[in-house]
$ cat coords26.cif   # mmCIF, C-alpha atoms
data_start
#
loop_
_atom_site.group_PDB
_atom_site.id
_atom_site.type_symbol
_atom_site.label_atom_id
_atom_site.label_comp_id
_atom_site.auth_asym_id
_atom_site.auth_seq_id
_atom_site.Cartn_x
_atom_site.Cartn_y
_atom_site.Cartn_z
ATOM 1 C CA MET A 20 10.387 -8.924 22.203
ATOM 2 C CA LYS A 21 6.944 -7.952 20.907
ATOM 3 C CA LYS A 22 6.465 -8.244 17.126
ATOM 4 C CA LYS A 23 6.246 -4.971 15.242
ATOM 5 C CA PHE A 24 3.394 -4.985 12.717
ATOM 6 C CA TYR A 25 3.795 -3.102 9.457
ATOM 7 C CA ALA A 26 1.200 -1.695 7.105
ATOM 8 C CA CYS A 27 2.638 -1.221 3.626
ATOM 9 C CA VAL A 28 1.119 1.619 1.650
ATOM 10 C CA TYR A 29 1.739 1.809 -2.083
ATOM 11 C CA GLY A 30 0.816 5.161 -3.591
ATOM 12 C CA GLY A 31 1.969 7.838 -5.957
ATOM 13 C CA ALA A 32 4.400 10.688 -5.325
ATOM 14 C CA SER A 33 2.751 13.154 -7.697
ATOM 15 C CA GLU A 34 1.952 16.482 -6.068
ATOM 16 C CA LYS A 35 -0.519 17.163 -8.877
ATOM 17 C CA ILE A 36 -2.955 14.534 -7.580
ATOM 18 C CA ASP A 37 -6.144 16.039 -6.157
ATOM 19 C CA ASP A 38 -6.053 16.972 -2.467
ATOM 20 C CA ILE A 39 -9.076 14.742 -1.754
ATOM 21 C CA TYR A 40 -6.790 11.720 -2.126
ATOM 22 C CA LYS A 41 -3.941 13.145 -0.067
ATOM 23 C CA LYS A 42 -6.296 14.090 2.783
ATOM 24 C CA GLU A 43 -7.801 10.578 2.889
ATOM 25 C CA ILE A 44 -4.408 8.905 2.794
ATOM 26 C CA GLU A 45 -3.104 11.142 5.576
ATOM 27 C CA LYS A 46 -6.074 9.899 7.657
ATOM 28 C CA LEU A 47 -5.017 6.350 6.805
ATOM 29 C CA GLY A 48 -1.628 7.096 8.370
ATOM 30 C CA ASN A 49 -3.391 8.049 11.589
ATOM 31 C CA ILE A 50 -5.533 4.878 11.506
ATOM 32 C CA ILE A 51 -2.417 2.746 10.995
ATOM 33 C CA VAL A 52 -0.800 4.179 14.141
ATOM 34 C CA GLU A 53 -4.010 4.092 16.215
ATOM 35 C CA ASN A 54 -4.160 0.358 15.566
ATOM 36 C CA GLY A 55 -0.598 -0.339 16.651
ATOM 37 C CA TYR A 56 1.079 -0.576 13.255
ATOM 38 C CA SER A 57 4.207 0.978 11.825
ATOM 39 C CA LEU A 58 4.464 2.131 8.220
ATOM 40 C CA VAL A 59 6.645 0.619 5.515
ATOM 41 C CA TYR A 60 6.485 2.396 2.161
ATOM 42 C CA GLY A 61 8.533 3.847 -0.688
ATOM 43 C CA GLY A 62 9.953 6.735 1.333
ATOM 44 C CA GLY A 63 8.565 9.631 -0.727
ATOM 45 C CA ALA A 64 7.726 13.017 0.782
ATOM 46 C CA THR A 65 5.140 14.113 -1.774
ATOM 47 C CA GLY A 66 1.753 13.040 -3.112
ATOM 48 C CA CYS A 67 0.006 10.116 -1.442
ATOM 49 C CA MET A 68 3.327 8.731 -0.230
ATOM 50 C CA GLY A 69 4.090 11.932 1.614
ATOM 51 C CA ALA A 70 0.518 12.123 2.902
ATOM 52 C CA VAL A 71 0.578 8.697 4.577
ATOM 53 C CA ALA A 72 3.984 9.409 6.132
ATOM 54 C CA THR A 73 2.709 12.773 7.394
ATOM 55 C CA GLY A 74 -0.308 11.057 8.969
ATOM 56 C CA VAL A 75 1.890 8.482 10.667
ATOM 57 C CA ARG A 76 4.347 11.159 11.875
ATOM 58 C CA LYS A 77 1.567 13.393 13.275
ATOM 59 C CA SER A 78 0.222 10.376 15.180
ATOM 60 C CA GLY A 79 3.616 9.505 16.658
ATOM 61 C CA GLY A 80 4.136 6.325 14.634
ATOM 62 C CA TYR A 81 7.226 4.630 13.252
ATOM 63 C CA ILE A 82 8.121 5.026 9.549
ATOM 64 C CA MET A 83 10.369 2.791 7.467
ATOM 65 C CA GLY A 84 10.990 4.211 4.010
ATOM 66 C CA ILE A 85 12.648 2.089 1.330
ATOM 67 C CA SER A 86 13.970 3.868 -1.757
ATOM 68 C CA PRO A 87 16.463 3.253 -4.536
ATOM 69 C CA HIS A 88 19.356 5.733 -4.537
ATOM 70 C CA PHE A 89 18.368 7.206 -7.915
ATOM 71 C CA ILE A 90 14.823 8.121 -6.815
ATOM 72 C CA LYS A 91 16.146 11.426 -5.434
ATOM 73 C CA GLU A 92 16.279 12.615 -9.062
ATOM 74 C CA PHE A 93 12.473 12.251 -9.238
ATOM 75 C CA GLU A 94 11.094 12.927 -5.779
ATOM 76 C CA GLU A 95 11.984 14.184 -2.328
ATOM 77 C CA ILE A 96 12.615 11.607 0.412
ATOM 78 C CA PHE A 97 10.640 11.879 3.672
ATOM 79 C CA ASP A 98 12.557 12.121 6.964
ATOM 80 C CA CYS A 99 11.768 8.546 8.065
ATOM 81 C CA ASP A 100 12.726 6.864 11.336
ATOM 82 C CA ASN A 101 14.537 4.290 9.215
ATOM 83 C CA THR A 102 15.432 5.079 5.610
ATOM 84 C CA VAL A 103 16.740 2.078 3.710
ATOM 85 C CA MET A 104 18.474 2.920 0.448
ATOM 86 C CA VAL A 105 18.718 0.163 -2.161
ATOM 87 C CA ASP A 106 19.996 -0.098 -5.723
ATOM 88 C CA THR A 107 16.893 -1.175 -7.651
ATOM 89 C CA MET A 108 13.115 -0.911 -7.674
ATOM 90 C CA ASN A 109 12.974 -4.707 -7.361
ATOM 91 C CA GLU A 110 14.992 -4.583 -4.127
ATOM 92 C CA ARG A 111 12.637 -1.901 -2.854
ATOM 93 C CA LYS A 112 9.544 -4.000 -3.576
ATOM 94 C CA THR A 113 11.100 -7.150 -2.108
ATOM 95 C CA LEU A 114 11.927 -5.413 1.181
ATOM 96 C CA MET A 115 8.461 -3.867 1.428
ATOM 97 C CA GLU A 116 6.857 -7.261 0.759
ATOM 98 C CA LYS A 117 9.098 -8.932 3.334
ATOM 99 C CA ASN A 118 8.140 -6.466 6.072
ATOM 100 C CA ALA A 119 4.425 -5.991 5.346
ATOM 101 C CA ASP A 120 1.599 -7.606 7.302
ATOM 102 C CA ILE A 121 -1.049 -5.840 5.165
ATOM 103 C CA PHE A 122 -0.946 -3.860 1.914
ATOM 104 C CA PHE A 123 -2.948 -0.744 1.075
ATOM 105 C CA ILE A 124 -3.129 0.426 -2.532
ATOM 106 C CA ALA A 125 -3.535 4.208 -2.370
ATOM 107 C CA PRO A 126 -4.088 6.384 -5.443
ATOM 108 C CA GLY A 127 -1.007 6.365 -7.633
ATOM 109 C CA GLY A 128 0.405 5.947 -11.094
ATOM 110 C CA ILE A 129 2.293 3.271 -12.994
ATOM 111 C CA GLY A 130 4.674 2.527 -10.109
ATOM 112 C CA THR A 131 1.722 1.828 -7.838
ATOM 113 C CA MET A 132 0.147 -0.369 -10.536
ATOM 114 C CA ASP A 133 3.419 -2.306 -10.804
ATOM 115 C CA GLU A 134 3.470 -2.848 -7.031
ATOM 116 C CA PHE A 135 -0.205 -3.842 -6.911
ATOM 117 C CA PHE A 136 0.032 -6.348 -9.744
ATOM 118 C CA GLN A 137 3.206 -7.855 -8.308
ATOM 119 C CA ILE A 138 1.621 -8.576 -4.908
ATOM 120 C CA LEU A 139 -1.637 -9.666 -6.551
ATOM 121 C CA THR A 140 0.342 -12.146 -8.659
ATOM 122 C CA LEU A 141 2.231 -13.377 -5.587
ATOM 123 C CA LYS A 142 -1.065 -13.852 -3.756
ATOM 124 C CA TYR A 143 -2.519 -15.687 -6.774
ATOM 125 C CA LEU A 144 0.530 -17.994 -6.760
ATOM 126 C CA ARG A 145 0.181 -18.574 -2.981
ATOM 127 C CA GLN A 146 3.489 -16.845 -2.231
ATOM 128 C CA LEU A 147 1.908 -14.030 -0.209
ATOM 129 C CA LYS A 148 -0.560 -14.281 2.659
ATOM 130 C CA ALA A 149 -0.981 -10.643 3.700
ATOM 131 C CA PRO A 150 -4.308 -8.959 2.888
ATOM 132 C CA ILE A 151 -4.466 -6.458 0.027
ATOM 133 C CA VAL A 152 -6.832 -3.487 0.297
ATOM 134 C CA VAL A 153 -7.491 -1.327 -2.764
ATOM 135 C CA LEU A 154 -8.501 2.174 -1.681
ATOM 136 C CA ASN A 155 -10.933 3.165 -4.417
ATOM 137 C CA ILE A 156 -11.412 6.677 -3.055
ATOM 138 C CA ASN A 157 -13.787 8.766 -5.149
ATOM 139 C CA GLY A 158 -13.749 6.048 -7.841
ATOM 140 C CA PHE A 159 -9.989 6.404 -8.447
ATOM 141 C CA TYR A 160 -9.577 2.717 -9.294
ATOM 142 C CA ASP A 161 -12.867 2.105 -11.125
ATOM 143 C CA SER A 162 -11.011 1.614 -14.438
ATOM 144 C CA LEU A 163 -8.444 -0.710 -12.890
ATOM 145 C CA LEU A 164 -11.154 -2.849 -11.294
ATOM 146 C CA ALA A 165 -13.045 -2.910 -14.611
ATOM 147 C CA LEU A 166 -9.849 -4.076 -16.359
ATOM 148 C CA ILE A 167 -9.522 -7.000 -13.944
ATOM 149 C CA LYS A 168 -13.193 -7.869 -14.595
ATOM 150 C CA ASP A 169 -12.502 -7.706 -18.350
ATOM 151 C CA LEU A 170 -9.523 -10.033 -17.931
ATOM 152 C CA GLU A 171 -11.820 -12.457 -16.145
ATOM 153 C CA SER A 172 -14.456 -12.276 -18.898
ATOM 154 C CA LEU A 173 -11.714 -12.982 -21.463
ATOM 155 C CA ASN A 174 -10.583 -16.001 -19.422
ATOM 156 C CA ALA A 175 -7.160 -14.434 -18.873
ATOM 157 C CA VAL A 176 -7.614 -14.745 -15.096
ATOM 158 C CA THR A 177 -9.944 -16.847 -12.999
ATOM 159 C CA LYS A 178 -12.858 -15.457 -11.021
ATOM 160 C CA GLU A 179 -10.852 -16.341 -7.907
ATOM 161 C CA VAL A 180 -8.584 -13.305 -8.504
ATOM 162 C CA HIS A 181 -11.241 -11.049 -6.954
ATOM 163 C CA THR A 182 -10.928 -12.911 -3.632
ATOM 164 C CA PHE A 183 -7.292 -11.845 -3.268
ATOM 165 C CA TYR A 184 -8.064 -8.184 -2.565
ATOM 166 C CA ASP A 185 -10.722 -6.063 -0.916
ATOM 167 C CA VAL A 186 -12.015 -2.775 -2.267
ATOM 168 C CA ILE A 187 -12.815 0.031 0.149
ATOM 169 C CA THR A 188 -14.064 3.457 -0.924
ATOM 170 C CA THR A 189 -13.165 5.473 2.193
ATOM 171 C CA VAL A 190 -10.478 5.133 4.835
ATOM 172 C CA ASP A 191 -13.169 5.729 7.463
ATOM 173 C CA ASP A 192 -14.554 2.288 6.590
ATOM 174 C CA GLU A 193 -14.698 0.070 9.674
ATOM 175 C CA GLU A 194 -13.376 -2.790 7.546
ATOM 176 C CA ILE A 195 -9.880 -1.252 7.617
ATOM 177 C CA VAL A 196 -9.767 -1.295 11.418
ATOM 178 C CA ASN A 197 -11.223 -4.814 11.474
ATOM 179 C CA LYS A 198 -8.543 -6.074 9.069
ATOM 180 C CA LEU A 199 -5.763 -4.475 11.122
ATOM 181 C CA LYS A 200 -7.098 -6.033 14.334
ATOM 182 C CA GLU A 201 -7.600 -9.435 12.679
ATOM 183 C CA ILE A 202 -3.955 -9.643 11.596
ATOM 184 C CA LYS A 203 -2.682 -8.988 15.106
ATOM 185 C CA LYS A 204 -4.774 -11.908 16.407
ATOM 186 C CA ILE A 205 -3.108 -14.438 14.109
#
$ encode --input "coords26.cif" --output "structure tokens"
Amino acid sequence: MKKKFYACVYGGASEKIDDIYKKEIEKLGNIIVENGYSLVYGGGATGCMGAVATGVRKSGGYIMGISPHFIKEFEEIFDCDNTVMVDTMNERKTLMEKNADIFFIAPGGIGTMDEFFQILTLKYLRQLKAPIVVLNINGFYDSLLALIKDLESLNAVTKEVHTFYDVITTVDDEEIVNKLKEIKKI
């Protein structure tokens, strides 16, 4: 049986986020499918989470959403091909990490920051091999990237930390397609 490749997209569920981000992330969903990947993500139907799932759905792709049972109190769940309900946020992150061949960090809030720093730490500790791509659309993550630089200047992290993720400013960047193709060759 042919291996199914998964792109994991971490992103916020806030509907208040500017449409520029949602439109770009919906395009990412299309790019994921065009390159033979399925989506694994937090299962949300709104914000950037809903946008990527919408892009994947419109392109005929497969969607695995992983959500804790209680999340329904905070956000709507997307009608995924496979919805996996778990008890905790940690279980959710572990399952996404286990299934992902590449991670995209879409615009989001504190939950997205938690997910990003967890996989960045795992990569730093050599427990994760999958590429991490920070989508700094319209400068969304300028402050976050500056914080990591500040941590380096304070000797809290080594300069090597910057080699564990790539920063891309638009989903139309050819580097995204190249990364997706590169993974399938391995």
$ resolve_selection --input "coords26.cif" --expression "the PyMOL selection byres ((chain A and resi 183-192) around 9)" --output "PyMOL selection string"
chain A and resi 43-44+46-47+50+139+142-143+150-158+179-182+193-196
$ resolve_selection --input "coords26.cif" --expression "the PyMOL selection byres ((chain A and resi 34) around 8)" --output "short mmCIF file (atom, residue, chain, number, x, y, z; two decimals) with C-alpha atoms, keeping the file's coordinate frame"
data_model
loop_
_atom_site.label_atom_id
_atom_site.label_comp_id
_atom_site.auth_asym_id
_atom_site.auth_seq_id
_atom_site.Cartn_x
_atom_site.Cartn_y
_atom_site.Cartn_z
CA ALA A 32 4.40 10.69 -5.32
CA SER A 33 2.75 13.15 -7.70
CA LYS A 35 -0.52 17.16 -8.88
CA ILE A 36 -2.96 14.53 -7.58
CA THR A 65 5.14 14.11 -1.77
CA GLY A 66 1.75 13.04 -3.11
#
$ closest_residue --input "coords26.cif" --among "A:Asp100, A:Glu95, A:Asp106, A:Glu45" --to "Lys77 in chain A" --atoms "all atoms listed in the file"
A:Glu45
$ atom_distance --input "coords26.cif" --atom1 "CA of Ser57 in chain A" --atom2 "CA of Phe24 in chain A"
6.1 Å
$ resolve_selection --input "coords26.cif" --expression "the PyMOL selection byres ((chain A and resi 84) around 9)" --output "list of chain:residue names"
A:Leu58, A:Val59, A:Tyr60, A:Gly61, A:Gly62, A:Gly63, A:Ala72, A:Ile82, A:Met83, A:Ile85, A:Ser86, A:Ile96, A:Phe97, A:Asp98, A:Cys99, A:Asp100, A:Asn101, A:Thr102, A:Val103, A:Met104, A:Met115
$ atom_distance --input "coords26.cif" --atom1 "CA of Ala165 in chain A" --atom2 "CA of Leu141 in chain A"
20.6 Å
$ closest_residue --input "coords26.cif" --among "A:Arg145, A:Lys203, A:Lys168, A:Arg111" --to "Tyr29 in chain A" --atoms "only C-alpha atoms"
A:Arg111
$ closest_residue --input "coords26.cif" --among "A:Lys112, A:Lys198, A:Lys22, A:Lys91" --to "Ile51 in chain A" --atoms "all atoms listed in the file"
A:Lys198
$ closest_residue --input "coords26.cif" --among "A:Pro126, A:Gly80, A:Gly74, A:Gly31" --to "Tyr160 in chain A" --atoms "only C-alpha atoms"
A:Pro126
$ build_atoms --input "coords26.cif" --residues "range 160-182 of chain A" --atoms "N, CA and C atoms" --output "short mmCIF file (atom, residue, chain, number, x, y, z; two decimals), keeping the file's coordinate frame"
data_model
loop_
_atom_site.label_atom_id
_atom_site.label_comp_id
_atom_site.auth_asym_id
_atom_site.auth_seq_id
_atom_site.Cartn_x
_atom_site.Cartn_y
_atom_site.Cartn_z
N TYR A 160 -9.97 3.98 -8.67
CA TYR A 160 -9.58 2.72 -9.29
C TYR A 160 -10.71 2.01 -10.04
N ASP A 161 -11.77 2.72 -10.38
CA ASP A 161 -12.87 2.10 -11.12
C ASP A 161 -12.37 1.45 -12.42
N SER A 162 -11.52 2.15 -13.16
CA SER A 162 -11.01 1.61 -14.44
C SER A 162 -10.14 0.39 -14.22
N LEU A 163 -9.31 0.43 -13.20
CA LEU A 163 -8.44 -0.71 -12.89
C LEU A 163 -9.29 -1.93 -12.54
N LEU A 164 -10.29 -1.74 -11.71
CA LEU A 164 -11.15 -2.85 -11.29
C LEU A 164 -11.95 -3.38 -12.49
N ALA A 165 -12.35 -2.49 -13.39
CA ALA A 165 -13.04 -2.91 -14.61
C ALA A 165 -12.10 -3.72 -15.51
N LEU A 166 -10.84 -3.32 -15.58
CA LEU A 166 -9.85 -4.08 -16.36
C LEU A 166 -9.72 -5.51 -15.84
N ILE A 167 -9.64 -5.66 -14.52
CA ILE A 167 -9.52 -7.00 -13.94
C ILE A 167 -10.77 -7.82 -14.26
N LYS A 168 -11.94 -7.18 -14.21
CA LYS A 168 -13.19 -7.87 -14.60
C LYS A 168 -13.15 -8.28 -16.07
N ASP A 169 -12.64 -7.39 -16.93
CA ASP A 169 -12.50 -7.71 -18.35
C ASP A 169 -11.56 -8.89 -18.56
N LEU A 170 -10.46 -8.91 -17.82
CA LEU A 170 -9.52 -10.03 -17.93
C LEU A 170 -10.21 -11.34 -17.55
N GLU A 171 -11.06 -11.26 -16.55
CA GLU A 171 -11.82 -12.46 -16.14
C GLU A 171 -12.77 -12.89 -17.27
N SER A 172 -13.49 -11.93 -17.85
CA SER A 172 -14.46 -12.28 -18.90
C SER A 172 -13.77 -12.84 -20.14
N LEU A 173 -12.50 -12.48 -20.33
CA LEU A 173 -11.71 -12.98 -21.46
C LEU A 173 -10.97 -14.27 -21.12
N ASN A 174 -11.23 -14.78 -19.91
CA ASN A 174 -10.58 -16.00 -19.42
C ASN A 174 -9.07 -15.88 -19.30
N ALA A 175 -8.59 -14.65 -19.09
CA ALA A 175 -7.16 -14.43 -18.87
C ALA A 175 -6.80 -14.64 -17.41
N VAL A 176 -7.77 -14.46 -16.51
CA VAL A 176 -7.61 -14.74 -15.10
C VAL A 176 -8.88 -15.45 -14.63
N THR A 177 -8.77 -16.17 -13.54
CA THR A 177 -9.94 -16.85 -13.00
C THR A 177 -10.74 -15.90 -12.11
N LYS A 178 -11.98 -16.25 -11.88
CA LYS A 178 -12.86 -15.46 -11.02
C LYS A 178 -12.27 -15.33 -9.61
N GLU A 179 -11.48 -16.31 -9.22
CA GLU A 179 -10.85 -16.34 -7.91
C GLU A 179 -9.98 -15.11 -7.64
N VAL A 180 -9.48 -14.45 -8.68
CA VAL A 180 -8.58 -13.30 -8.50
C VAL A 180 -9.23 -12.23 -7.64
N HIS A 181 -10.54 -12.09 -7.71
CA HIS A 181 -11.24 -11.05 -6.95
C HIS A 181 -11.25 -11.34 -5.45
N THR A 182 -10.96 -12.57 -5.06
CA THR A 182 -10.93 -12.91 -3.63
C THR A 182 -9.59 -12.56 -2.99
#
